[in-house]
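Report on one structure; see the data block that follows.
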Amino acid sequence: MRRAQQAIPEMRVAALGKSNPTPESITELKRLTAGTLLKGLERRNDSGRGDIFIRSRGYALGQLTGEFVDILVDELYLGRAGGSMARLLRLENQLADGIYYYTDRNLPQVWEVFKQEKAAREAAAQSSQSNKGE
């Protein structure tokens with residue numbers, strides 16, 4: 001998001017505290033940020049360096065990325081950080097601590113559910129292959 005902000009002249013001026021960003025520059029910031037994030041996720045998934053598991057509940061990755069960026073920009077960057085990239089970076093460190101805590105407490109259960117769902121999918125795939133062979 002920092003790179004996207006630096007690419008928009010109006011956002012650079014706003015970052016210096018000289019003016020508030022316009023709705024058009026906020027929209028552009030969201031588009032650039034969402035595009036960078038989506039491209040990174042797709043490249044990571046296509047590279048074979050490891051699957052990315054996102055509980056999309058049937059939604060397209062692009063839609064989820066856009067919604068995530070809306071929250072990131074509207075609630076965190078503009079809301080809590082007041083449009084200041086420096087404040088957002090400080091907030092980012094605090095959020096990372098919270099995410100670490102949440103992950104530490106919840107990862108074992110989520111991992112267990114994932115393994116059960118994966119085993120069920122594999123069993124269903126094997127069952128369908130054996131039914132085709134009969």
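Chains: A, B, ... in order of the structure tokens. Residues: from 1 per chain. Ligands: from 1, in order shown.
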
Please list as a PDB file with N, CA and C atoms, in the first residue's frame every residue within 12 Å of Leu76 (chain A), counting only C-alpha atoms and excluding residues in the same chain fewer than 3 positions away.
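Saved result, out.pdb, follows:
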ATOM      1  N   MET A   1       0.825  -1.175   0.000  1.00  0.00           N
ATOM      2  CA  MET A   1       0.000   0.000   0.000  1.00  0.00           C
ATOM      3  C   MET A   1       0.881   1.254   0.000  1.00  0.00           C
ATOM      4  N   PHE A  68     -11.118  -6.763   1.379  1.00  0.00           N
ATOM      5  CA  PHE A  68     -10.054  -6.627   2.368  1.00  0.00           C
ATOM      6  C   PHE A  68      -9.393  -5.255   2.257  1.00  0.00           C
ATOM      7  N   VAL A  69      -9.101  -4.828   1.044  1.00  0.00           N
ATOM      8  CA  VAL A  69      -8.450  -3.530   0.836  1.00  0.00           C
ATOM      9  C   VAL A  69      -9.382  -2.395   1.246  1.00  0.00           C
ATOM     10  N   ASP A  70     -10.681  -2.533   0.993  1.00  0.00           N
ATOM     11  CA  ASP A  70     -11.639  -1.517   1.457  1.00  0.00           C
ATOM     12  C   ASP A  70     -11.532  -1.336   2.973  1.00  0.00           C
ATOM     13  N   ILE A  71     -11.483  -2.451   3.700  1.00  0.00           N
ATOM     14  CA  ILE A  71     -11.373  -2.387   5.161  1.00  0.00           C
ATOM     15  C   ILE A  71     -10.032  -1.780   5.559  1.00  0.00           C
ATOM     16  N   LEU A  72      -8.972  -2.231   4.900  1.00  0.00           N
ATOM     17  CA  LEU A  72      -7.627  -1.744   5.212  1.00  0.00           C
ATOM     18  C   LEU A  72      -7.538  -0.229   5.031  1.00  0.00           C
ATOM     19  N   VAL A  73      -8.025   0.259   3.903  1.00  0.00           N
ATOM     20  CA  VAL A  73      -7.919   1.697   3.618  1.00  0.00           C
ATOM     21  C   VAL A  73      -8.918   2.499   4.442  1.00  0.00           C
ATOM     22  N   GLY A  79      -9.348   5.774   8.864  1.00  0.00           N
ATOM     23  CA  GLY A  79     -10.021   5.865  10.145  1.00  0.00           C
ATOM     24  C   GLY A  79      -9.072   5.945  11.323  1.00  0.00           C
ATOM     25  N   ARG A  80      -8.404   4.863  11.605  1.00  0.00           N
ATOM     26  CA  ARG A  80      -7.567   4.801  12.812  1.00  0.00           C
ATOM     27  C   ARG A  80      -6.246   5.539  12.657  1.00  0.00           C
ATOM     28  N   ALA A  81      -5.668   5.552  11.446  1.00  0.00           N
ATOM     29  CA  ALA A  81      -4.372   6.224  11.260  1.00  0.00           C
ATOM     30  C   ALA A  81      -4.534   7.642  10.733  1.00  0.00           C
ATOM     31  N   GLY A  82      -5.747   8.078  10.488  1.00  0.00           N
ATOM     32  CA  GLY A  82      -5.988   9.454  10.055  1.00  0.00           C
ATOM     33  C   GLY A  82      -5.324   9.815   8.742  1.00  0.00           C
ATOM     34  N   GLY A  83      -5.105   8.811   7.858  1.00  0.00           N
ATOM     35  CA  GLY A  83      -4.481   9.073   6.566  1.00  0.00           C
ATOM     36  C   GLY A  83      -2.970   9.233   6.636  1.00  0.00           C
ATOM     37  N   SER A  84      -2.379   8.888   7.769  1.00  0.00           N
ATOM     38  CA  SER A  84      -0.933   9.001   7.937  1.00  0.00           C
ATOM     39  C   SER A  84      -0.291   7.633   7.760  1.00  0.00           C
ATOM     40  N   MET A  85       0.625   7.526   6.796  1.00  0.00           N
ATOM     41  CA  MET A  85       1.309   6.257   6.566  1.00  0.00           C
ATOM     42  C   MET A  85       2.185   5.895   7.762  1.00  0.00           C
ATOM     43  N   ARG A  87       1.606   6.610  10.944  1.00  0.00           N
ATOM     44  CA  ARG A  87       0.717   6.073  11.979  1.00  0.00           C
ATOM     45  C   ARG A  87       0.213   4.689  11.611  1.00  0.00           C
ATOM     46  N   LEU A  88      -0.039   4.468  10.316  1.00  0.00           N
ATOM     47  CA  LEU A  88      -0.486   3.146   9.870  1.00  0.00           C
ATOM     48  C   LEU A  88       0.596   2.100  10.138  1.00  0.00           C
ATOM     49  N   LEU A  89       1.846   2.446   9.905  1.00  0.00           N
ATOM     50  CA  LEU A  89       2.939   1.498  10.146  1.00  0.00           C
ATOM     51  C   LEU A  89       3.066   1.163  11.634  1.00  0.00           C
ATOM     52  N   ARG A  90       2.877   2.161  12.501  1.00  0.00           N
ATOM     53  CA  ARG A  90       2.889   1.880  13.945  1.00  0.00           C
ATOM     54  C   ARG A  90       1.716   0.979  14.318  1.00  0.00           C
ATOM     55  N   LEU A  91       0.556   1.272  13.753  1.00  0.00           N
ATOM     56  CA  LEU A  91      -0.636   0.459  13.998  1.00  0.00           C
ATOM     57  C   LEU A  91      -0.431  -0.956  13.471  1.00  0.00           C
ATOM     58  N   GLU A  92       0.272  -1.072  12.348  1.00  0.00           N
ATOM     59  CA  GLU A  92       0.556  -2.377  11.760  1.00  0.00           C
ATOM     60  C   GLU A  92       1.304  -3.270  12.750  1.00  0.00           C
ATOM     61  N   GLN A  94       1.220  -3.090  16.020  1.00  0.00           N
ATOM     62  CA  GLN A  94       0.283  -3.469  17.082  1.00  0.00           C
ATOM     63  C   GLN A  94      -0.674  -4.555  16.593  1.00  0.00           C
ATOM     64  N   LEU A  95      -1.162  -4.398  15.366  1.00  0.00           N
ATOM     65  CA  LEU A  95      -2.063  -5.415  14.806  1.00  0.00           C
ATOM     66  C   LEU A  95      -1.356  -6.752  14.630  1.00  0.00           C
TER      67      LEU A  95
END

Extract the full set of helix (DSSP H, G or I) residues from chain A according to DSSP on the backbone, and format it as an mmCIF file with N, CA and C atoms, in the first residue's frame.
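The new file selection_28.cif reads:
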data_model
loop_
_atom_site.group_PDB
_atom_site.id
_atom_site.type_symbol
_atom_site.label_atom_id
_atom_site.label_comp_id
_atom_site.auth_asym_id
_atom_site.auth_seq_id
_atom_site.Cartn_x
_atom_site.Cartn_y
_atom_site.Cartn_z
ATOM 1 N N ARG A 2 2.033 1.145 0.634
ATOM 2 C CA ARG A 2 2.945 2.285 0.663
ATOM 3 C C ARG A 2 3.389 2.659 -0.738
ATOM 4 N N ARG A 3 3.717 1.629 -1.559
ATOM 5 C CA ARG A 3 4.120 1.905 -2.946
ATOM 6 C C ARG A 3 2.985 2.542 -3.730
ATOM 7 N N ALA A 4 1.772 2.041 -3.512
ATOM 8 C CA ALA A 4 0.615 2.595 -4.219
ATOM 9 C C ALA A 4 0.418 4.052 -3.830
ATOM 10 N N GLN A 5 0.574 4.345 -2.549
ATOM 11 C CA GLN A 5 0.398 5.723 -2.091
ATOM 12 C C GLN A 5 1.445 6.633 -2.726
ATOM 13 N N GLN A 6 2.683 6.162 -2.826
ATOM 14 C CA GLN A 6 3.757 6.970 -3.390
ATOM 15 C C GLN A 6 3.576 7.198 -4.885
ATOM 16 N N ALA A 7 2.833 6.309 -5.544
ATOM 17 C CA ALA A 7 2.630 6.430 -6.991
ATOM 18 C C ALA A 7 1.560 7.467 -7.341
ATOM 19 N N PRO A 9 0.433 11.180 -6.954
ATOM 20 C CA PRO A 9 0.946 12.476 -6.499
ATOM 21 C C PRO A 9 0.078 13.130 -5.418
ATOM 22 N N GLU A 10 -1.213 13.065 -5.573
ATOM 23 C CA GLU A 10 -2.120 13.677 -4.611
ATOM 24 C C GLU A 10 -2.003 13.030 -3.231
ATOM 25 N N MET A 11 -1.741 11.732 -3.208
ATOM 26 C CA MET A 11 -1.591 11.025 -1.941
ATOM 27 C C MET A 11 -0.271 11.411 -1.270
ATOM 28 N N ARG A 12 0.763 11.647 -2.061
ATOM 29 C CA ARG A 12 2.049 12.075 -1.484
ATOM 30 C C ARG A 12 1.898 13.427 -0.797
ATOM 31 N N VAL A 13 1.162 14.348 -1.432
ATOM 32 C CA VAL A 13 0.933 15.663 -0.841
ATOM 33 C C VAL A 13 0.114 15.523 0.439
ATOM 34 N N ALA A 14 -0.917 14.687 0.389
ATOM 35 C CA ALA A 14 -1.753 14.473 1.575
ATOM 36 C C ALA A 14 -0.946 13.848 2.703
ATOM 37 N N ALA A 15 -0.014 12.985 2.368
ATOM 38 C CA ALA A 15 0.809 12.323 3.391
ATOM 39 C C ALA A 15 1.667 13.331 4.144
ATOM 40 N N PRO A 23 -11.627 11.733 -2.843
ATOM 41 C CA PRO A 23 -12.228 10.416 -3.050
ATOM 42 C C PRO A 23 -11.627 9.690 -4.256
ATOM 43 N N GLU A 24 -11.267 10.447 -5.308
ATOM 44 C CA GLU A 24 -10.678 9.826 -6.492
ATOM 45 C C GLU A 24 -9.312 9.214 -6.177
ATOM 46 N N SER A 25 -8.514 9.919 -5.372
ATOM 47 C CA SER A 25 -7.193 9.384 -5.043
ATOM 48 C C SER A 25 -7.313 8.180 -4.103
ATOM 49 N N ILE A 26 -8.317 8.176 -3.242
ATOM 50 C CA ILE A 26 -8.567 7.019 -2.366
ATOM 51 C C ILE A 26 -8.980 5.818 -3.214
ATOM 52 N N THR A 27 -9.827 6.047 -4.198
ATOM 53 C CA THR A 27 -10.244 4.958 -5.093
ATOM 54 C C THR A 27 -9.040 4.403 -5.839
ATOM 55 N N GLU A 28 -8.188 5.285 -6.326
ATOM 56 C CA GLU A 28 -6.989 4.837 -7.035
ATOM 57 C C GLU A 28 -6.061 4.060 -6.098
ATOM 58 N N LEU A 29 -5.910 4.535 -4.864
ATOM 59 C CA LEU A 29 -5.094 3.829 -3.873
ATOM 60 C C LEU A 29 -5.623 2.414 -3.651
ATOM 61 N N LYS A 30 -6.926 2.300 -3.528
ATOM 62 C CA LYS A 30 -7.532 0.977 -3.319
ATOM 63 C C LYS A 30 -7.296 0.070 -4.517
ATOM 64 N N ARG A 31 -7.454 0.595 -5.709
ATOM 65 C CA ARG A 31 -7.269 -0.225 -6.915
ATOM 66 C C ARG A 31 -5.829 -0.708 -7.045
ATOM 67 N N LEU A 32 -4.879 0.199 -6.840
ATOM 68 C CA LEU A 32 -3.474 -0.179 -6.951
ATOM 69 C C LEU A 32 -3.097 -1.195 -5.866
ATOM 70 N N THR A 33 -3.557 -0.970 -4.656
ATOM 71 C CA THR A 33 -3.248 -1.873 -3.548
ATOM 72 C C THR A 33 -3.872 -3.243 -3.778
ATOM 73 N N ALA A 34 -5.147 -3.268 -4.175
ATOM 74 C CA ALA A 34 -5.835 -4.545 -4.418
ATOM 75 C C ALA A 34 -5.172 -5.294 -5.576
ATOM 76 N N GLY A 35 -4.778 -4.582 -6.613
ATOM 77 C CA GLY A 35 -4.119 -5.227 -7.746
ATOM 78 C C GLY A 35 -2.795 -5.850 -7.353
ATOM 79 N N THR A 36 -2.017 -5.123 -6.553
ATOM 80 C CA THR A 36 -0.732 -5.649 -6.095
ATOM 81 C C THR A 36 -0.935 -6.883 -5.219
ATOM 82 N N LEU A 37 -1.885 -6.809 -4.311
ATOM 83 C CA LEU A 37 -2.155 -7.934 -3.413
ATOM 84 C C LEU A 37 -2.662 -9.147 -4.182
ATOM 85 N N LEU A 38 -3.623 -8.937 -5.068
ATOM 86 C CA LEU A 38 -4.185 -10.045 -5.844
ATOM 87 C C LEU A 38 -3.118 -10.698 -6.714
ATOM 88 N N LYS A 39 -2.314 -9.883 -7.382
ATOM 89 C CA LYS A 39 -1.256 -10.422 -8.228
ATOM 90 C C LYS A 39 -0.269 -11.239 -7.396
ATOM 91 N N GLY A 40 0.085 -10.739 -6.231
ATOM 92 C CA GLY A 40 0.999 -11.466 -5.352
ATOM 93 C C GLY A 40 0.433 -12.795 -4.889
ATOM 94 N N LEU A 41 -0.843 -12.805 -4.523
ATOM 95 C CA LEU A 41 -1.486 -14.052 -4.101
ATOM 96 C C LEU A 41 -1.536 -15.067 -5.240
ATOM 97 N N GLU A 42 -1.905 -14.593 -6.429
ATOM 98 C CA GLU A 42 -1.986 -15.499 -7.577
ATOM 99 C C GLU A 42 -0.612 -16.035 -7.953
ATOM 100 N N ARG A 43 0.394 -15.184 -7.949
ATOM 101 C CA ARG A 43 1.755 -15.650 -8.276
ATOM 102 C C ARG A 43 2.244 -16.657 -7.252
ATOM 103 N N ARG A 44 1.965 -16.397 -5.995
ATOM 104 C CA ARG A 44 2.386 -17.331 -4.938
ATOM 105 C C ARG A 44 1.714 -18.680 -5.143
ATOM 106 N N ASN A 45 0.448 -18.660 -5.457
ATOM 107 C CA ASN A 45 -0.294 -19.900 -5.661
ATOM 108 C C ASN A 45 0.195 -20.632 -6.905
ATOM 109 N N ASP A 46 0.483 -19.904 -7.986
ATOM 110 C CA ASP A 46 0.914 -20.515 -9.244
ATOM 111 C C ASP A 46 2.361 -21.000 -9.205
ATOM 112 N N SER A 47 3.164 -20.452 -8.300
ATOM 113 C CA SER A 47 4.589 -20.781 -8.274
ATOM 114 C C SER A 47 4.869 -22.161 -7.700
ATOM 115 N N LEU A 61 -11.563 -14.720 -5.497
ATOM 116 C CA LEU A 61 -10.430 -14.139 -4.788
ATOM 117 C C LEU A 61 -10.338 -12.630 -5.027
ATOM 118 N N GLY A 62 -10.639 -12.197 -6.242
ATOM 119 C CA GLY A 62 -10.599 -10.760 -6.542
ATOM 120 C C GLY A 62 -11.595 -9.972 -5.715
ATOM 121 N N GLN A 63 -12.779 -10.519 -5.527
ATOM 122 C CA GLN A 63 -13.799 -9.843 -4.711
ATOM 123 C C GLN A 63 -13.347 -9.764 -3.253
ATOM 124 N N LEU A 64 -12.816 -10.861 -2.740
ATOM 125 C CA LEU A 64 -12.345 -10.871 -1.356
ATOM 126 C C LEU A 64 -11.181 -9.909 -1.154
ATOM 127 N N THR A 65 -10.294 -9.856 -2.133
ATOM 128 C CA THR A 65 -9.158 -8.937 -2.059
ATOM 129 C C THR A 65 -9.660 -7.496 -2.018
ATOM 130 N N GLY A 66 -10.611 -7.179 -2.864
ATOM 131 C CA GLY A 66 -11.187 -5.828 -2.884
ATOM 132 C C GLY A 66 -11.841 -5.464 -1.560
ATOM 133 N N GLU A 67 -12.573 -6.399 -0.975
ATOM 134 C CA GLU A 67 -13.216 -6.138 0.313
ATOM 135 C C GLU A 67 -12.181 -5.950 1.413
ATOM 136 N N PHE A 68 -11.118 -6.763 1.379
ATOM 137 C CA PHE A 68 -10.054 -6.627 2.368
ATOM 138 C C PHE A 68 -9.393 -5.255 2.257
ATOM 139 N N VAL A 69 -9.101 -4.828 1.044
ATOM 140 C CA VAL A 69 -8.450 -3.530 0.836
ATOM 141 C C VAL A 69 -9.382 -2.395 1.246
ATOM 142 N N ASP A 70 -10.681 -2.533 0.993
ATOM 143 C CA ASP A 70 -11.639 -1.517 1.457
ATOM 144 C C ASP A 70 -11.532 -1.336 2.973
ATOM 145 N N ILE A 71 -11.483 -2.451 3.700
ATOM 146 C CA ILE A 71 -11.373 -2.387 5.161
ATOM 147 C C ILE A 71 -10.032 -1.780 5.559
ATOM 148 N N LEU A 72 -8.972 -2.231 4.900
ATOM 149 C CA LEU A 72 -7.627 -1.744 5.212
ATOM 150 C C LEU A 72 -7.538 -0.229 5.031
ATOM 151 N N VAL A 73 -8.025 0.259 3.903
ATOM 152 C CA VAL A 73 -7.919 1.697 3.618
ATOM 153 C C VAL A 73 -8.918 2.499 4.442
ATOM 154 N N ASP A 74 -10.193 2.097 4.406
ATOM 155 C CA ASP A 74 -11.240 2.895 5.076
ATOM 156 C C ASP A 74 -11.116 2.873 6.596
ATOM 157 N N GLU A 75 -11.009 1.682 7.153
ATOM 158 C CA GLU A 75 -11.028 1.556 8.612
ATOM 159 C C GLU A 75 -9.676 1.831 9.259
ATOM 160 N N LEU A 76 -8.605 1.309 8.664
ATOM 161 C CA LEU A 76 -7.298 1.447 9.303
ATOM 162 C C LEU A 76 -6.560 2.699 8.849
ATOM 163 N N TYR A 77 -6.333 2.815 7.530
ATOM 164 C CA TYR A 77 -5.526 3.923 7.029
ATOM 165 C C TYR A 77 -6.217 5.270 7.251
ATOM 166 N N LEU A 78 -7.456 5.392 6.792
ATOM 167 C CA LEU A 78 -8.154 6.672 6.935
ATOM 168 C C LEU A 78 -8.747 6.848 8.329
ATOM 169 N N GLY A 79 -9.348 5.774 8.864
ATOM 170 C CA GLY A 79 -10.021 5.865 10.145
ATOM 171 C C GLY A 79 -9.072 5.945 11.323
ATOM 172 N N ARG A 80 -8.404 4.863 11.605
ATOM 173 C CA ARG A 80 -7.567 4.801 12.812
ATOM 174 C C ARG A 80 -6.246 5.539 12.657
ATOM 175 N N MET A 85 0.625 7.526 6.796
ATOM 176 C CA MET A 85 1.309 6.257 6.566
ATOM 177 C C MET A 85 2.185 5.895 7.762
ATOM 178 N N ALA A 86 2.795 6.879 8.402
ATOM 179 C CA ALA A 86 3.632 6.608 9.582
ATOM 180 C C ALA A 86 2.783 6.029 10.710
ATOM 181 N N ARG A 87 1.606 6.610 10.944
ATOM 182 C CA ARG A 87 0.717 6.073 11.979
ATOM 183 C C ARG A 87 0.213 4.689 11.611
ATOM 184 N N LEU A 88 -0.039 4.468 10.316
ATOM 185 C CA LEU A 88 -0.486 3.146 9.870
ATOM 186 C C LEU A 88 0.596 2.100 10.138
ATOM 187 N N LEU A 89 1.846 2.446 9.905
ATOM 188 C CA LEU A 89 2.939 1.498 10.146
ATOM 189 C C LEU A 89 3.066 1.163 11.634
ATOM 190 N N ARG A 90 2.877 2.161 12.501
ATOM 191 C CA ARG A 90 2.889 1.880 13.945
ATOM 192 C C ARG A 90 1.716 0.979 14.318
ATOM 193 N N LEU A 91 0.556 1.272 13.753
ATOM 194 C CA LEU A 91 -0.636 0.459 13.998
ATOM 195 C C LEU A 91 -0.431 -0.956 13.471
ATOM 196 N N GLU A 92 0.272 -1.072 12.348
ATOM 197 C CA GLU A 92 0.556 -2.377 11.760
ATOM 198 C C GLU A 92 1.304 -3.270 12.750
ATOM 199 N N ASN A 93 2.265 -2.703 13.464
ATOM 200 C CA ASN A 93 3.010 -3.480 14.448
ATOM 201 C C ASN A 93 2.102 -3.951 15.580
ATOM 202 N N GLN A 94 1.220 -3.090 16.020
ATOM 203 C CA GLN A 94 0.283 -3.469 17.082
ATOM 204 C C GLN A 94 -0.674 -4.555 16.593
ATOM 205 N N LEU A 95 -1.162 -4.398 15.366
ATOM 206 C CA LEU A 95 -2.063 -5.415 14.806
ATOM 207 C C LEU A 95 -1.356 -6.752 14.630
ATOM 208 N N ALA A 96 -0.083 -6.695 14.243
ATOM 209 C CA ALA A 96 0.679 -7.933 14.082
ATOM 210 C C ALA A 96 0.771 -8.678 15.413
ATOM 211 N N ASP A 97 0.934 -7.950 16.497
ATOM 212 C CA ASP A 97 0.965 -8.589 17.815
ATOM 213 C C ASP A 97 -0.373 -9.267 18.120
ATOM 214 N N GLY A 98 -1.460 -8.588 17.800
ATOM 215 C CA GLY A 98 -2.787 -9.165 18.026
ATOM 216 C C GLY A 98 -3.033 -10.385 17.158
ATOM 217 N N ILE A 99 -2.600 -10.320 15.921
ATOM 218 C CA ILE A 99 -2.764 -11.457 15.008
ATOM 219 C C ILE A 99 -1.924 -12.636 15.490
ATOM 220 N N TYR A 100 -0.726 -12.355 15.969
ATOM 221 C CA TYR A 100 0.128 -13.415 16.505
ATOM 222 C C TYR A 100 -0.581 -14.116 17.661
ATOM 223 N N TYR A 101 -1.135 -13.338 18.567
ATOM 224 C CA TYR A 101 -1.840 -13.914 19.719
ATOM 225 C C TYR A 101 -3.033 -14.751 19.259
ATOM 226 N N TYR A 102 -3.844 -14.193 18.370
ATOM 227 C CA TYR A 102 -5.022 -14.908 17.878
ATOM 228 C C TYR A 102 -4.614 -16.209 17.179
ATOM 229 N N THR A 103 -3.581 -16.117 16.346
ATOM 230 C CA THR A 103 -3.111 -17.297 15.614
ATOM 231 C C THR A 103 -2.615 -18.362 16.584
ATOM 232 N N ASP A 104 -1.853 -17.956 17.585
ATOM 233 C CA ASP A 104 -1.332 -18.894 18.570
ATOM 234 C C ASP A 104 -2.471 -19.626 19.284
ATOM 235 N N ARG A 105 -3.541 -18.923 19.557
ATOM 236 C CA ARG A 105 -4.656 -19.521 20.295
ATOM 237 C C ARG A 105 -5.582 -20.355 19.403
ATOM 238 N N ASN A 106 -5.692 -20.014 18.128
ATOM 239 C CA ASN A 106 -6.694 -20.651 17.274
ATOM 240 C C ASN A 106 -6.158 -21.582 16.204
ATOM 241 N N LEU A 107 -4.872 -21.485 15.876
ATOM 242 C CA LEU A 107 -4.321 -22.281 14.791
ATOM 243 C C LEU A 107 -4.515 -23.792 14.981
ATOM 244 N N PRO A 108 -4.295 -24.332 16.170
ATOM 245 C CA PRO A 108 -4.471 -25.787 16.308
ATOM 246 C C PRO A 108 -5.863 -26.276 15.895
ATOM 247 N N GLN A 109 -6.919 -25.556 16.297
ATOM 248 C CA GLN A 109 -8.273 -25.973 15.925
ATOM 249 C C GLN A 109 -8.513 -25.816 14.424
ATOM 250 N N VAL A 110 -8.065 -24.707 13.868
ATOM 251 C CA VAL A 110 -8.257 -24.471 12.439
ATOM 252 C C VAL A 110 -7.483 -25.511 11.631
ATOM 253 N N TRP A 111 -6.272 -25.822 12.066
ATOM 254 C CA TRP A 111 -5.451 -26.811 11.378
ATOM 255 C C TRP A 111 -6.125 -28.181 11.424
ATOM 256 N N GLU A 112 -6.700 -28.544 12.545
ATOM 257 C CA GLU A 112 -7.384 -29.830 12.672
ATOM 258 C C GLU A 112 -8.590 -29.904 11.736
ATOM 259 N N VAL A 113 -9.379 -28.841 11.668
ATOM 260 C CA VAL A 113 -10.524 -28.799 10.747
ATOM 261 C C VAL A 113 -10.046 -28.927 9.311
ATOM 262 N N PHE A 114 -8.966 -28.223 8.966
ATOM 263 C CA PHE A 114 -8.418 -28.299 7.612
ATOM 264 C C PHE A 114 -8.016 -29.731 7.264
ATOM 265 N N LYS A 115 -7.311 -30.404 8.181
ATOM 266 C CA LYS A 115 -6.878 -31.781 7.917
ATOM 267 C C LYS A 115 -8.078 -32.712 7.750
ATOM 268 N N GLN A 116 -9.118 -32.523 8.550
ATOM 269 C CA GLN A 116 -10.319 -33.362 8.426
ATOM 270 C C GLN A 116 -11.014 -33.120 7.089
ATOM 271 N N GLU A 117 -11.134 -31.853 6.694
ATOM 272 C CA GLU A 117 -11.766 -31.533 5.412
ATOM 273 C C GLU A 117 -10.947 -32.087 4.246
ATOM 274 N N LYS A 118 -9.636 -31.986 4.340
ATOM 275 C CA LYS A 118 -8.766 -32.506 3.291
ATOM 276 C C LYS A 118 -8.901 -34.018 3.185
ATOM 277 N N ALA A 119 -8.930 -34.709 4.315
ATOM 278 C CA ALA A 119 -9.096 -36.168 4.313
ATOM 279 C C ALA A 119 -10.436 -36.555 3.711
ATOM 280 N N ALA A 120 -11.477 -35.796 4.014
ATOM 281 C CA ALA A 120 -12.802 -36.088 3.457
ATOM 282 C C ALA A 120 -12.808 -35.884 1.947
ATOM 283 N N ARG A 121 -12.143 -34.816 1.464
ATOM 284 C CA ARG A 121 -12.070 -34.577 0.016
ATOM 285 C C ARG A 121 -11.311 -35.703 -0.674
ATOM 286 N N GLU A 122 -10.201 -36.113 -0.077
ATOM 287 C CA GLU A 122 -9.413 -37.194 -0.674
ATOM 288 C C GLU A 122 -10.183 -38.501 -0.687
ATOM 289 N N ALA A 123 -10.918 -38.778 0.382
ATOM 290 C CA ALA A 123 -11.724 -40.005 0.441
ATOM 291 C C ALA A 123 -12.820 -39.962 -0.616
ATOM 292 N N ALA A 124 -13.442 -38.805 -0.787
ATOM 293 C CA ALA A 124 -14.494 -38.672 -1.798
ATOM 294 C C ALA A 124 -13.916 -38.849 -3.201
ATOM 295 N N ALA A 125 -12.730 -38.299 -3.442
ATOM 296 C CA ALA A 125 -12.093 -38.436 -4.751
ATOM 297 C C ALA A 125 -11.742 -39.889 -5.025
ATOM 298 N N GLN A 126 -11.223 -40.599 -4.037
ATOM 299 C CA GLN A 126 -10.899 -42.011 -4.206
ATOM 300 C C GLN A 126 -12.156 -42.838 -4.436
ATOM 301 N N SER A 127 -13.206 -42.501 -3.716
ATOM 302 C CA SER A 127 -14.479 -43.224 -3.875
ATOM 303 C C SER A 127 -15.040 -43.035 -5.263
ATOM 304 N N SER A 128 -14.942 -41.802 -5.771
ATOM 305 C CA SER A 128 -15.474 -41.551 -7.115
ATOM 306 C C SER A 128 -14.623 -42.226 -8.175
ATOM 307 N N GLN A 129 -13.312 -42.330 -7.957
ATOM 308 C CA GLN A 129 -12.447 -43.025 -8.907
ATOM 309 C C GLN A 129 -12.719 -44.523 -8.891
ATOM 310 N N SER A 130 -12.971 -45.095 -7.685
ATOM 311 C CA SER A 130 -13.254 -46.532 -7.654
ATOM 312 C C SER A 130 -14.611 -46.846 -8.256
ATOM 313 N N ASN A 131 -15.548 -45.917 -8.144
ATOM 314 C CA ASN A 131 -16.870 -46.145 -8.748
ATOM 315 C C ASN A 131 -16.780 -46.078 -10.272
ATOM 316 N N LYS A 132 -15.884 -45.273 -10.800
ATOM 317 C CA LYS A 132 -15.710 -45.199 -12.251
ATOM 318 C C LYS A 132 -15.083 -46.463 -12.790
ATOM 319 N N GLY A 133 -14.225 -47.108 -11.990
ATOM 320 C CA GLY A 133 -13.529 -48.305 -12.424
ATOM 321 C C GLY A 133 -14.411 -49.558 -12.401
#
